Amino acid sequence: MSVSFVPVPADSDFPLENLPYAVFSTKSNPIHRLCVAIGEHVLDLKAVSHLFAPPLQAALQAETLNLLMSLGHEAWDAVRTQTQKLLSKGSEVEQNVDLRSVALIPQSEISLHLPAQIGDYTDFYSSIHHATNVGIMFRGADNALMPNWRHLPVGYHGRASSVVVSGTPIRRPLGQTLPEGADKPIFGACKLLDFELEMAFFIGGPGNQLGESIKVDDAWQNVFGFTLMNDWSARDIQKWEYVPLGPFTAKNLGTTISPWVVTTAALKPFLLDNFPQEPEVLPYLRQSIPFNFDINLEVSLKPANDNESLISKSNFKHLYWTPLQQIAHHTVTGCNLRPGDLMASGTISGETADSYGSLLELCWRGTKTVELQGGKTRKFLQDYDEVIIRGHCVKNGLRIGFGSCAGQVLPAHPVDQ
């Protein structure tokens, strides 16, 4: 493996083997452009686009990742290979001082933006431990999983317009709730605001035409890369509104994603067998190739003017349904997916209480508390709390990270009387 000429700290999320994509700008140049992370710097792909094959140059000069996403895995591999060469010792970027001064920028000097123009956003419900926990809370252990859950990847269509990049504050929502014991709803600020630890992936490749489907073992060609996600959830609003069509305003208040998109190529060393599925699924969902990953995930909560506390540690491998099965099911009706569409995992919970991916589970529907540093406790999120999600893979000394996905809760707007 080549060695980067850019210094990379030992604990960095961003070695030469990673090179996650992002969209950035600087104070001196507010135009959005593509980059990859390397150590504590980024490589401006627009500034070095002339060093790539001509068919790739337009995509690297774009203001979002959508065009690159549309080119497919052969183009992605070509960009990755050339980028690694440009960041290796002895490369033209290292030797050309003028080019290096323009193209290599400290991360401390950049602002990060949404990596793509998101056309559509779908959120799944793919963790069996999370689905079981929620089912036990609301239906009892005997009816924890609905009859369809082990037969298809349950999902719903989310709101693409309120997907925001890490660091964007989230306003506590107003909405209808039904107080305990009441027979009429009231209007006011959400009292049971929650996070959901998720991961998401961007659709790439040409997609599929309306009326056509994507076969499960071909679907890997449509996975461009992964991000961290926090699907903010207003539990009291959700409880009142979700019957019969599922979540609506309880989920559209905001969805935070990390700015870095880690490619499937970077994740290959961390491939695992798929989660065992019983009973056997229908033929169109029978996946013969592995597409599960050993990605360590964690959630920290930081009250205002205080230190953050680690409150959960989970792993991507706990997902029952794979991204390939999600794509196959999403398109089996002929629904067309497009480059830049975002597909989310649903809350990722492990088997143990310290690996639950939401406060709803960690506090078991408000019957317990989460202990924070300094003696503070939480059942649900308070104003000015910040939620920070992090993720990384480690194997044989190689660390591939996702950066962080963070957002702070702002107070609700006053209710008009």
# chains A, B, ... in the order shown; residues from 1 in each chain; ligands from 1
call {"tool": "closest_atom_pairs", "arguments": {"of": "range 333-352 of chain A", "to": "range 211-222 of chain A", "cutoff": "12 Å", "atoms": "only C-alpha atoms", "output": "Markdown table"}}
result
| residue | atom | partner | partner_atom | distance |
| --- | --- | --- | --- | --- |
| A:Thr333 | CA | A:Ser213 | CA | 6.9 |
| A:Gly334 | CA | A:Gly211 | CA | 3.8 |
| A:Cys335 | CA | A:Gly211 | CA | 6.4 |
| A:Asn336 | CA | A:Gly211 | CA | 7.3 |
| A:Leu337 | CA | A:Asn222 | CA | 9.1 |
| A:Arg338 | CA | A:Asn222 | CA | 9.3 |
| A:Pro339 | CA | A:Asn222 | CA | 8.3 |
| A:Gly340 | CA | A:Asn222 | CA | 10.4 |
| A:Asp341 | CA | A:Asn222 | CA | 10.4 |
| A:Leu342 | CA | A:Asn222 | CA | 11.4 |
| A:Met343 | CA | A:Asn222 | CA | 11.3 |
call {"tool": "residues_around", "arguments": {"residues": "Leu381 in chain A", "least_positions_apart": "4", "cutoff": "9 Å", "atoms": "only C-alpha atoms", "output": "list in words"}}
result
Lys191, Leu192, Leu193, Asp194, Phe195, Leu301, Leu359, Asp385, Glu386, Val387 and Val409 of chain A
call {"tool": "write_last_selection", "arguments": {"atoms": "N, CA and C atoms", "output": "compact mmCIF listing (two decimals), in the first residue's frame"}}
result
# COMPACT_ATOMS: atom_id res chain seq x y z
N LYS A 191 -42.62 17.28 24.17
CA LYS A 191 -41.97 17.05 25.46
C LYS A 191 -41.08 15.80 25.44
N LEU A 192 -41.27 14.94 24.46
CA LEU A 192 -40.55 13.67 24.40
C LEU A 192 -39.69 13.60 23.14
N LEU A 193 -38.76 14.54 23.02
CA LEU A 193 -37.89 14.59 21.85
C LEU A 193 -36.76 13.57 22.00
N ASP A 194 -36.49 12.84 20.93
CA ASP A 194 -35.56 11.71 20.99
C ASP A 194 -34.61 11.77 19.79
N PHE A 195 -33.52 11.04 19.91
CA PHE A 195 -32.62 10.79 18.77
C PHE A 195 -32.82 9.35 18.31
N LEU A 301 -24.15 12.38 24.58
CA LEU A 301 -25.09 13.47 24.84
C LEU A 301 -24.35 14.54 25.63
N LEU A 359 -33.32 7.03 23.06
CA LEU A 359 -33.70 7.23 24.46
C LEU A 359 -34.98 6.48 24.80
N ASP A 385 -29.47 20.51 24.60
CA ASP A 385 -28.72 19.25 24.55
C ASP A 385 -28.15 19.08 23.14
N GLU A 386 -26.95 18.56 23.07
CA GLU A 386 -26.34 18.21 21.79
C GLU A 386 -26.15 16.70 21.72
N VAL A 387 -26.56 16.10 20.62
CA VAL A 387 -26.37 14.67 20.39
C VAL A 387 -25.27 14.50 19.36
N VAL A 409 -30.31 20.81 20.18
CA VAL A 409 -31.74 21.10 20.27
C VAL A 409 -31.95 22.56 20.66
call {"tool": "select_by_dssp", "arguments": {"residues": "range 82-286 of chain A", "states": "strand (DSSP E)", "output": "number ranges by chain"}}
result
A: 104-106, 110-113, 121-124, 155-157, 163-165, 170-171, 174-177, 186-189, 193-194, 197-203, 223-231, 233-234, 255-257, 262-263, 271-272
call {"tool": "residues_around", "arguments": {"residues": "range 67-80 of chain A", "least_positions_apart": "3", "cutoff": "8 Å", "atoms": "only C-alpha atoms", "output": "JSON, numbers by chain"}}
result
{"A": [19, 52, 56, 59, 60, 62, 64, 83, 84, 203, 204, 205, 206, 207, 221, 222, 224, 265, 339, 340]}
call {"tool": "write_last_selection", "arguments": {"atoms": "N, CA and C atoms", "output": "compact mmCIF listing (two decimals), in the first residue's frame"}}
result
# COMPACT_ATOMS: atom_id res chain seq x y z
N LEU A 19 -10.43 7.98 2.45
CA LEU A 19 -10.73 9.02 1.47
C LEU A 19 -12.24 9.23 1.28
N PHE A 52 -7.16 13.93 -13.71
CA PHE A 52 -7.99 12.73 -13.87
C PHE A 52 -8.36 12.56 -15.34
N LEU A 56 -14.04 11.91 -16.28
CA LEU A 56 -14.30 12.10 -14.85
C LEU A 56 -14.26 13.56 -14.43
N ALA A 59 -17.50 15.62 -13.37
CA ALA A 59 -18.06 15.19 -12.08
C ALA A 59 -17.26 15.75 -10.92
N LEU A 60 -15.95 15.85 -11.07
CA LEU A 60 -15.09 16.35 -9.99
C LEU A 60 -15.12 17.87 -9.89
N ALA A 62 -18.05 19.49 -10.15
CA ALA A 62 -19.43 19.81 -9.78
C ALA A 62 -19.51 20.33 -8.35
N THR A 64 -21.96 19.28 -6.19
CA THR A 64 -22.46 18.19 -5.34
C THR A 64 -21.91 16.88 -5.88
N THR A 83 -6.96 9.22 -6.89
CA THR A 83 -6.85 10.08 -5.70
C THR A 83 -5.80 9.54 -4.74
N GLN A 84 -5.78 8.22 -4.56
CA GLN A 84 -4.75 7.63 -3.70
C GLN A 84 -3.35 7.89 -4.27
N ILE A 203 -27.72 6.37 -2.99
CA ILE A 203 -27.88 5.61 -4.23
C ILE A 203 -26.94 6.16 -5.30
N GLY A 204 -26.28 5.26 -5.99
CA GLY A 204 -25.42 5.64 -7.10
C GLY A 204 -25.70 4.79 -8.32
N GLY A 205 -24.90 4.98 -9.35
CA GLY A 205 -25.14 4.31 -10.61
C GLY A 205 -26.27 5.00 -11.36
N PRO A 206 -26.65 4.47 -12.49
CA PRO A 206 -27.72 5.11 -13.26
C PRO A 206 -29.10 4.95 -12.64
N GLY A 207 -29.22 4.09 -11.62
CA GLY A 207 -30.53 3.83 -11.05
C GLY A 207 -31.32 2.86 -11.92
N GLN A 221 -24.16 -2.50 -6.83
CA GLN A 221 -23.69 -1.51 -7.81
C GLN A 221 -24.36 -0.16 -7.63
N ASN A 222 -25.44 -0.14 -6.85
CA ASN A 222 -26.19 1.09 -6.63
C ASN A 222 -25.93 1.72 -5.27
N PHE A 224 -23.44 3.88 -3.33
CA PHE A 224 -22.26 4.73 -3.50
C PHE A 224 -21.42 4.79 -2.23
N ALA A 265 -15.99 0.78 -1.23
CA ALA A 265 -14.63 0.28 -1.45
C ALA A 265 -13.79 0.38 -0.19
N PRO A 339 -29.68 8.68 -8.59
CA PRO A 339 -28.44 9.03 -7.89
C PRO A 339 -28.66 10.18 -6.92
N GLY A 340 -28.18 10.01 -5.70
CA GLY A 340 -28.38 11.02 -4.66
C GLY A 340 -29.54 10.73 -3.74
call {"tool": "residues_around", "arguments": {"residues": "Val165 in chain A", "least_positions_apart": "2", "cutoff": "6 Å", "atoms": "only C-alpha atoms", "output": "count of residues only"}}
result
5
call {"tool": "residues_around", "arguments": {"residues": "Gln287 in chain A", "least_positions_apart": "6", "cutoff": "12 Å", "atoms": "only C-alpha atoms", "output": "PDB file with C-alpha atoms, in the first residue's frame"}}
result
ATOM      1  CA  LYS A 215     -32.172  -7.610  -8.392  1.00  0.00           C
ATOM      2  CA  VAL A 216     -30.868  -8.135  -4.884  1.00  0.00           C
ATOM      3  CA  ASP A 217     -27.452  -9.493  -5.909  1.00  0.00           C
ATOM      4  CA  ASP A 218     -26.984  -6.631  -8.388  1.00  0.00           C
ATOM      5  CA  ALA A 219     -27.948  -3.919  -5.925  1.00  0.00           C
ATOM      6  CA  TRP A 220     -24.390  -3.429  -4.611  1.00  0.00           C
ATOM      7  CA  ASP A 273     -21.746 -12.412   6.878  1.00  0.00           C
ATOM      8  CA  ASN A 274     -25.300 -11.173   6.652  1.00  0.00           C
ATOM      9  CA  PHE A 275     -27.553 -11.397   9.709  1.00  0.00           C
ATOM     10  CA  PRO A 276     -29.244 -14.845   9.829  1.00  0.00           C
ATOM     11  CA  GLN A 277     -32.855 -14.648   8.635  1.00  0.00           C
ATOM     12  CA  GLU A 280     -36.416 -17.931   4.673  1.00  0.00           C
ATOM     13  CA  VAL A 281     -37.411 -14.837   2.752  1.00  0.00           C
ATOM     14  CA  TRP A 321     -32.130  -6.442   6.613  1.00  0.00           C
ATOM     15  CA  THR A 322     -29.203  -5.477   4.366  1.00  0.00           C
ATOM     16  CA  PRO A 323     -28.961  -2.419   2.097  1.00  0.00           C
ATOM     17  CA  LEU A 324     -29.202  -4.737  -0.911  1.00  0.00           C
ATOM     18  CA  GLN A 325     -32.474  -6.208   0.329  1.00  0.00           C
ATOM     19  CA  GLN A 326     -33.744  -2.701   1.007  1.00  0.00           C
ATOM     20  CA  ILE A 327     -33.001  -1.697  -2.593  1.00  0.00           C
ATOM     21  CA  ALA A 328     -34.540  -4.883  -4.008  1.00  0.00           C
ATOM     22  CA  HIS A 329     -37.730  -4.430  -2.000  1.00  0.00           C
TER      23      HIS A 329
END
call {"tool": "closest_residue", "arguments": {"among": "A:Ala189, A:Ile400, A:Ala304, A:Leu319", "to": "Ile38 in chain A", "atoms": "only C-alpha atoms"}}
result
A:Ile400
call {"tool": "select_by_dssp", "arguments": {"residues": "range 197-395 of chain A", "states": "helix (DSSP H, G or I)", "output": "PyMOL selection string"}}
result
chain A and resi 216-222+235-241+264-270+283-285+316-318+323-331+353-355+359-362+373-375
call {"tool": "residues_around", "arguments": {"residues": "Pro247 in chain A", "least_positions_apart": "4", "cutoff": "10 Å", "atoms": "only C-alpha atoms", "output": "mmCIF file with N, CA and C atoms, in the first residue's frame"}}
result
data_model
loop_
_atom_site.group_PDB
_atom_site.id
_atom_site.type_symbol
_atom_site.label_atom_id
_atom_site.label_comp_id
_atom_site.auth_asym_id
_atom_site.auth_seq_id
_atom_site.Cartn_x
_atom_site.Cartn_y
_atom_site.Cartn_z
ATOM 1 N N TYR A 156 -40.600 3.688 5.377
ATOM 2 C CA TYR A 156 -41.540 4.764 5.047
ATOM 3 C C TYR A 156 -40.768 5.857 4.316
ATOM 4 N N HIS A 157 -41.486 6.680 3.590
ATOM 5 C CA HIS A 157 -40.859 7.769 2.853
ATOM 6 C C HIS A 157 -40.729 8.983 3.759
ATOM 7 N N GLY A 158 -39.494 9.451 3.940
ATOM 8 C CA GLY A 158 -39.226 10.608 4.781
ATOM 9 C C GLY A 158 -39.215 11.892 3.973
ATOM 10 N N SER A 233 -36.771 12.441 16.494
ATOM 11 C CA SER A 233 -38.133 11.903 16.593
ATOM 12 C C SER A 233 -38.875 12.520 17.770
ATOM 13 N N ALA A 234 -40.078 13.009 17.497
ATOM 14 C CA ALA A 234 -40.946 13.575 18.533
ATOM 15 C C ALA A 234 -41.907 12.478 18.986
ATOM 16 N N ARG A 235 -41.564 11.794 20.065
ATOM 17 C CA ARG A 235 -42.291 10.578 20.444
ATOM 18 C C ARG A 235 -43.744 10.844 20.830
ATOM 19 N N ILE A 237 -45.699 13.342 19.810
ATOM 20 C CA ILE A 237 -46.425 13.657 18.577
ATOM 21 C C ILE A 237 -46.642 12.388 17.761
ATOM 22 N N GLN A 238 -45.617 11.558 17.690
ATOM 23 C CA GLN A 238 -45.686 10.310 16.924
ATOM 24 C C GLN A 238 -46.770 9.382 17.466
ATOM 25 N N LYS A 239 -46.853 9.274 18.779
ATOM 26 C CA LYS A 239 -47.824 8.358 19.389
ATOM 27 C C LYS A 239 -49.251 8.715 18.996
ATOM 28 N N TRP A 240 -49.547 9.994 18.887
ATOM 29 C CA TRP A 240 -50.906 10.442 18.577
ATOM 30 C C TRP A 240 -51.202 10.359 17.084
ATOM 31 N N GLU A 241 -50.217 10.633 16.237
ATOM 32 C CA GLU A 241 -50.498 10.797 14.809
ATOM 33 C C GLU A 241 -50.276 9.548 13.955
ATOM 34 N N TYR A 242 -49.540 8.542 14.462
ATOM 35 C CA TYR A 242 -49.013 7.536 13.534
ATOM 36 C C TYR A 242 -50.049 6.538 13.027
ATOM 37 N N VAL A 243 -51.195 6.390 13.695
ATOM 38 C CA VAL A 243 -52.238 5.477 13.215
ATOM 39 C C VAL A 243 -53.141 6.231 12.242
ATOM 40 N N LYS A 251 -41.535 13.124 12.486
ATOM 41 C CA LYS A 251 -40.246 12.785 11.890
ATOM 42 C C LYS A 251 -39.732 13.841 10.910
ATOM 43 N N ASN A 252 -40.572 14.793 10.511
ATOM 44 C CA ASN A 252 -40.126 15.710 9.456
ATOM 45 C C ASN A 252 -39.455 16.968 9.983
#
